[in-house]
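The file start32.cif comes next; it holds mmCIF, C-alpha atoms.
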```
data_my_file
loop_
_atom_site.label_atom_id
_atom_site.label_comp_id
_atom_site.auth_asym_id
_atom_site.auth_seq_id
_atom_site.Cartn_x
_atom_site.Cartn_y
_atom_site.Cartn_z
CA MET A 24 0.72 76.96 22.82
CA SER A 25 -2.56 76.49 20.96
CA ASP A 26 -5.69 78.44 21.80
CA ARG A 27 -7.33 75.19 22.96
CA SER A 28 -4.62 74.40 25.51
CA SER A 29 -4.20 77.97 26.75
CA ARG A 30 -7.80 78.38 28.00
CA ARG A 31 -8.23 78.44 31.78
CA ARG A 32 -10.11 75.33 32.89
CA PRO A 33 -10.07 72.80 35.69
CA PRO A 34 -7.28 70.26 35.24
CA THR A 35 -8.01 66.77 34.00
CA ALA A 36 -6.00 63.70 33.15
CA SER A 37 -4.41 63.15 29.76
CA THR A 38 -4.86 59.37 29.76
CA ILE A 39 -8.15 57.63 29.05
CA ARG A 40 -8.93 54.06 30.15
CA LEU A 41 -11.84 52.98 27.99
CA ASP A 42 -12.44 49.84 30.06
CA ALA A 43 -12.92 51.75 33.34
CA ASP A 44 -16.22 53.06 34.72
CA GLY A 45 -17.21 56.69 35.21
CA ILE A 46 -14.50 59.15 36.14
CA ALA A 47 -12.08 56.25 36.63
CA LYS A 48 -11.72 56.49 32.84
CA VAL A 49 -9.51 59.54 33.47
CA LEU A 50 -8.39 58.96 37.06
CA GLY A 51 -7.17 55.89 38.88
CA ASP A 52 -9.85 53.73 40.48
CA LEU A 53 -9.03 54.87 44.02
CA GLU A 54 -8.57 58.48 42.89
CA ALA A 55 -12.04 58.34 41.35
CA ARG A 56 -13.57 56.91 44.52
CA VAL A 57 -11.85 59.54 46.67
CA MET A 58 -13.10 62.34 44.39
CA GLU A 59 -16.65 60.95 44.52
CA VAL A 60 -16.49 60.88 48.34
CA VAL A 61 -15.16 64.44 48.56
CA TRP A 62 -17.92 65.67 46.23
CA GLU A 63 -20.56 63.74 48.25
CA LEU A 64 -19.34 65.24 51.53
CA ASP A 65 -19.92 68.71 50.06
CA ALA A 66 -17.67 70.39 52.65
CA PRO A 67 -13.94 70.46 53.39
CA ALA A 68 -13.06 67.10 54.93
CA THR A 69 -10.15 65.58 56.81
CA ALA A 70 -8.28 62.56 55.51
CA ARG A 71 -9.85 60.45 58.29
CA THR A 72 -13.36 61.46 57.20
CA VAL A 73 -12.61 60.65 53.56
CA HIS A 74 -10.94 57.37 54.58
CA ALA A 75 -13.95 56.33 56.67
CA GLU A 76 -16.23 56.77 53.65
CA VAL A 77 -13.88 55.11 51.14
CA ALA A 78 -13.26 52.19 53.53
CA LYS A 79 -16.97 51.34 53.48
CA GLU A 80 -16.45 49.94 49.96
CA HIS A 81 -12.68 49.47 49.66
CA ALA A 82 -10.31 47.86 52.15
CA VAL A 83 -7.67 50.56 52.12
CA ALA A 84 -5.26 52.00 54.66
CA LEU A 85 -5.57 55.56 55.92
CA LEU A 86 -2.06 56.35 54.67
CA THR A 87 -3.04 55.20 51.17
CA VAL A 88 -6.01 57.59 51.18
CA VAL A 89 -3.75 60.40 52.40
CA THR A 90 -1.36 59.67 49.54
CA VAL A 91 -4.22 59.75 47.03
CA LEU A 92 -5.61 62.98 48.50
CA ASN A 93 -2.17 64.58 48.14
CA LYS A 94 -1.84 63.34 44.55
CA LEU A 95 -5.21 64.93 43.79
CA VAL A 96 -3.93 68.18 45.32
CA THR A 97 -0.86 67.96 43.05
CA LYS A 98 -3.21 67.41 40.08
CA ARG A 99 -5.13 70.51 41.27
CA LEU A 100 -8.37 68.54 41.59
CA LEU A 101 -8.42 69.14 45.35
CA SER A 102 -7.29 72.02 47.52
CA ARG A 103 -5.84 71.53 50.99
CA ARG A 104 -5.95 73.93 53.95
CA LYS A 105 -5.60 73.79 57.71
CA ILE A 106 -8.74 74.18 59.77
CA SER A 107 -8.34 73.80 63.54
CA ASP A 108 -4.84 72.33 63.11
CA LEU A 109 -6.07 69.58 60.74
CA LEU A 110 -5.66 69.45 56.99
CA HIS A 111 -8.98 69.56 55.15
CA TYR A 112 -9.48 68.71 51.49
CA ALA A 113 -12.04 70.22 49.14
CA PRO A 114 -12.66 69.90 45.40
CA THR A 115 -11.45 72.73 43.17
CA ALA A 116 -14.43 72.20 40.85
CA SER A 117 -17.86 70.64 41.21
CA ARG A 118 -18.48 67.17 39.83
CA GLU A 119 -20.52 68.74 37.02
CA GLU A 120 -17.70 71.16 36.13
CA PHE A 121 -15.17 68.31 36.17
CA LEU A 122 -17.36 66.16 33.90
CA ALA A 123 -18.04 69.02 31.50
CA THR A 124 -14.39 69.98 31.25
CA THR A 125 -13.17 66.40 30.96
CA SER A 126 -15.73 65.39 28.35
CA ARG A 127 -14.96 68.51 26.31
CA GLN A 128 -11.22 67.75 26.43
CA MET A 129 -11.90 64.15 25.43
CA VAL A 130 -13.98 65.27 22.45
CA GLU A 131 -11.33 67.81 21.43
CA GLY A 132 -8.70 65.08 21.59
CA ILE A 133 -10.83 62.61 19.65
CA LEU A 134 -11.52 65.21 16.96
CA ASP A 135 -7.82 65.06 16.13
CA PHE A 136 -8.72 61.78 14.37
CA GLY A 137 -10.81 63.84 11.95
CA PRO A 138 -14.24 65.37 12.55
CA GLU A 139 -15.95 63.35 9.81
CA ALA A 140 -14.73 59.97 11.09
CA VAL A 141 -15.62 60.87 14.67
CA ALA A 142 -19.07 62.21 13.80
CA SER A 143 -19.83 59.15 11.69
CA SER A 144 -18.74 56.78 14.46
CA PHE A 145 -20.70 58.73 17.06
CA ILE A 146 -23.86 58.59 14.96
CA ASP A 147 -23.40 54.88 14.26
CA VAL A 148 -22.99 54.08 17.96
CA LEU A 149 -26.05 56.12 18.94
CA ALA A 150 -28.16 54.61 16.14
CA ALA A 151 -27.23 51.08 17.15
CA GLY A 152 -27.68 51.62 20.88
CA ASP A 153 -30.56 54.04 21.28
CA PRO A 154 -32.38 55.64 18.33
CA ASP A 155 -34.11 58.09 20.69
CA ARG A 156 -30.74 59.50 21.69
CA LEU A 157 -29.86 59.85 18.01
CA ALA A 158 -33.07 61.85 17.51
CA GLU A 159 -32.11 64.05 20.48
CA LEU A 160 -28.67 64.61 18.94
CA SER A 161 -30.35 65.65 15.71
CA ARG A 162 -32.47 68.19 17.60
CA LEU A 163 -29.37 69.55 19.36
CA VAL A 164 -27.50 69.90 16.07
CA ARG A 165 -30.42 71.76 14.46
CA ARG A 166 -30.67 74.10 17.47
CA ARG A 167 -26.94 74.87 17.42
CA MET A 168 -27.08 75.54 13.69
CA ARG A 169 -29.97 78.00 14.21
CA GLU A 170 -28.03 79.70 17.02
CA ALA A 171 -24.93 79.98 14.85
CA LYS A 172 -26.94 81.66 12.06
CA GLY A 173 -28.25 84.37 14.27
#
```
Rewrite the structure from the file as structure tokens, please.
Amino acid sequence: MSDRSSRRRPPTASTIRLDADGIAKVLGDLEARVMEVVWELDAPATARTVHAEVAKEHAVALLTVVTVLNKLVTKRLLSRRKISDLLHYAPTASREEFLATTSRQMVEGILDFGPEAVASSFIDVLAAGDPDRLAELSRLVRRRMREAKG
């Protein structure tokens, strides 16, 4: 097992859907919506509570939401415990932790294509889309280089 894969970190998906939005790039669409709801609730929630929020935007059955909640438990993105004889679901990591871990894993995976090719593509995309973001990247790189030197 490589050092990269042996580090303890919140679990993420190994498949990326480039055409999806937000965290649905690494989760299914309904899984992503359920995770967003659980994070928004900011407290352990029952399946009915999660379903009521998801159903505001998606016509979905309660049993389908329960199935998704349990899949997210299996993926270790949610925990499940009984409170007052009802199962409650809670995230195992904050949204920010999930995004940080997932984006880092995506970058690590992309770097397998070769750091030079990836860096060049990244710079080209930033330059074409938003030169100010390219300037910010340049500042970040200079800062990291200073930090690495001492």
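Pairwise distance (atom CA of A:Asp155, atom CA of A:Glu59) equals 29.7 Å.
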Of the listed residues A:Arg162, A:Lys105, A:Arg156, A:Arg118, that which approaches A:Ala70 most closely, counting only C-alpha atoms: A:Lys105
If I wrap all listed atoms of stretch 93-102 of chain A in a box with edges along x, y and z and add 8 Å on each side, what are its centre and edge lengths in Å to one decimal, as lines of an AutoDock Vina configuration file?
```
center_x = -4.6
center_y = 67.7
center_z = 44.1
size_x = 23.6
size_y = 24.7
size_z = 24.1
```
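Note that atom CA of A:Leu92 and atom CA of A:Glu54 are 7.8 Å apart.
The residue that comes closest to A:Glu80, out of A:Leu149, A:Val57, A:Ala158, A:Ala116 and on the basis of all atoms listed in the file, is A:Val57.
Separating atom CA of A:Glu63 from atom CA of A:Gly45 is a distance of 15.2 Å.
Among the candidate residues A:Met58, A:Asp44, A:Glu76, A:Ala171, the one lying nearest to A:Arg99 is A:Met58, with distances computed using only C-alpha atoms.
Comparing A:Met168, A:Val60, A:Leu53, A:Leu160 by their smallest distance to A:Val91, the closest is A:Leu53 (using all atoms listed in the file).
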Ground truth for the PyMOL selection byres ((chain A and resi 121) around 12), written as a ChimeraX atom specification: /A:32-36,45-46,49-50,55,58-59,62,99-101,114-120,122-129
Output check: residues returned by the PyMOL selection byres ((chain A and resi 67) around 10), as number ranges by chain: A: 61-62, 64-66, 68-70, 72-73, 101-106, 110-114
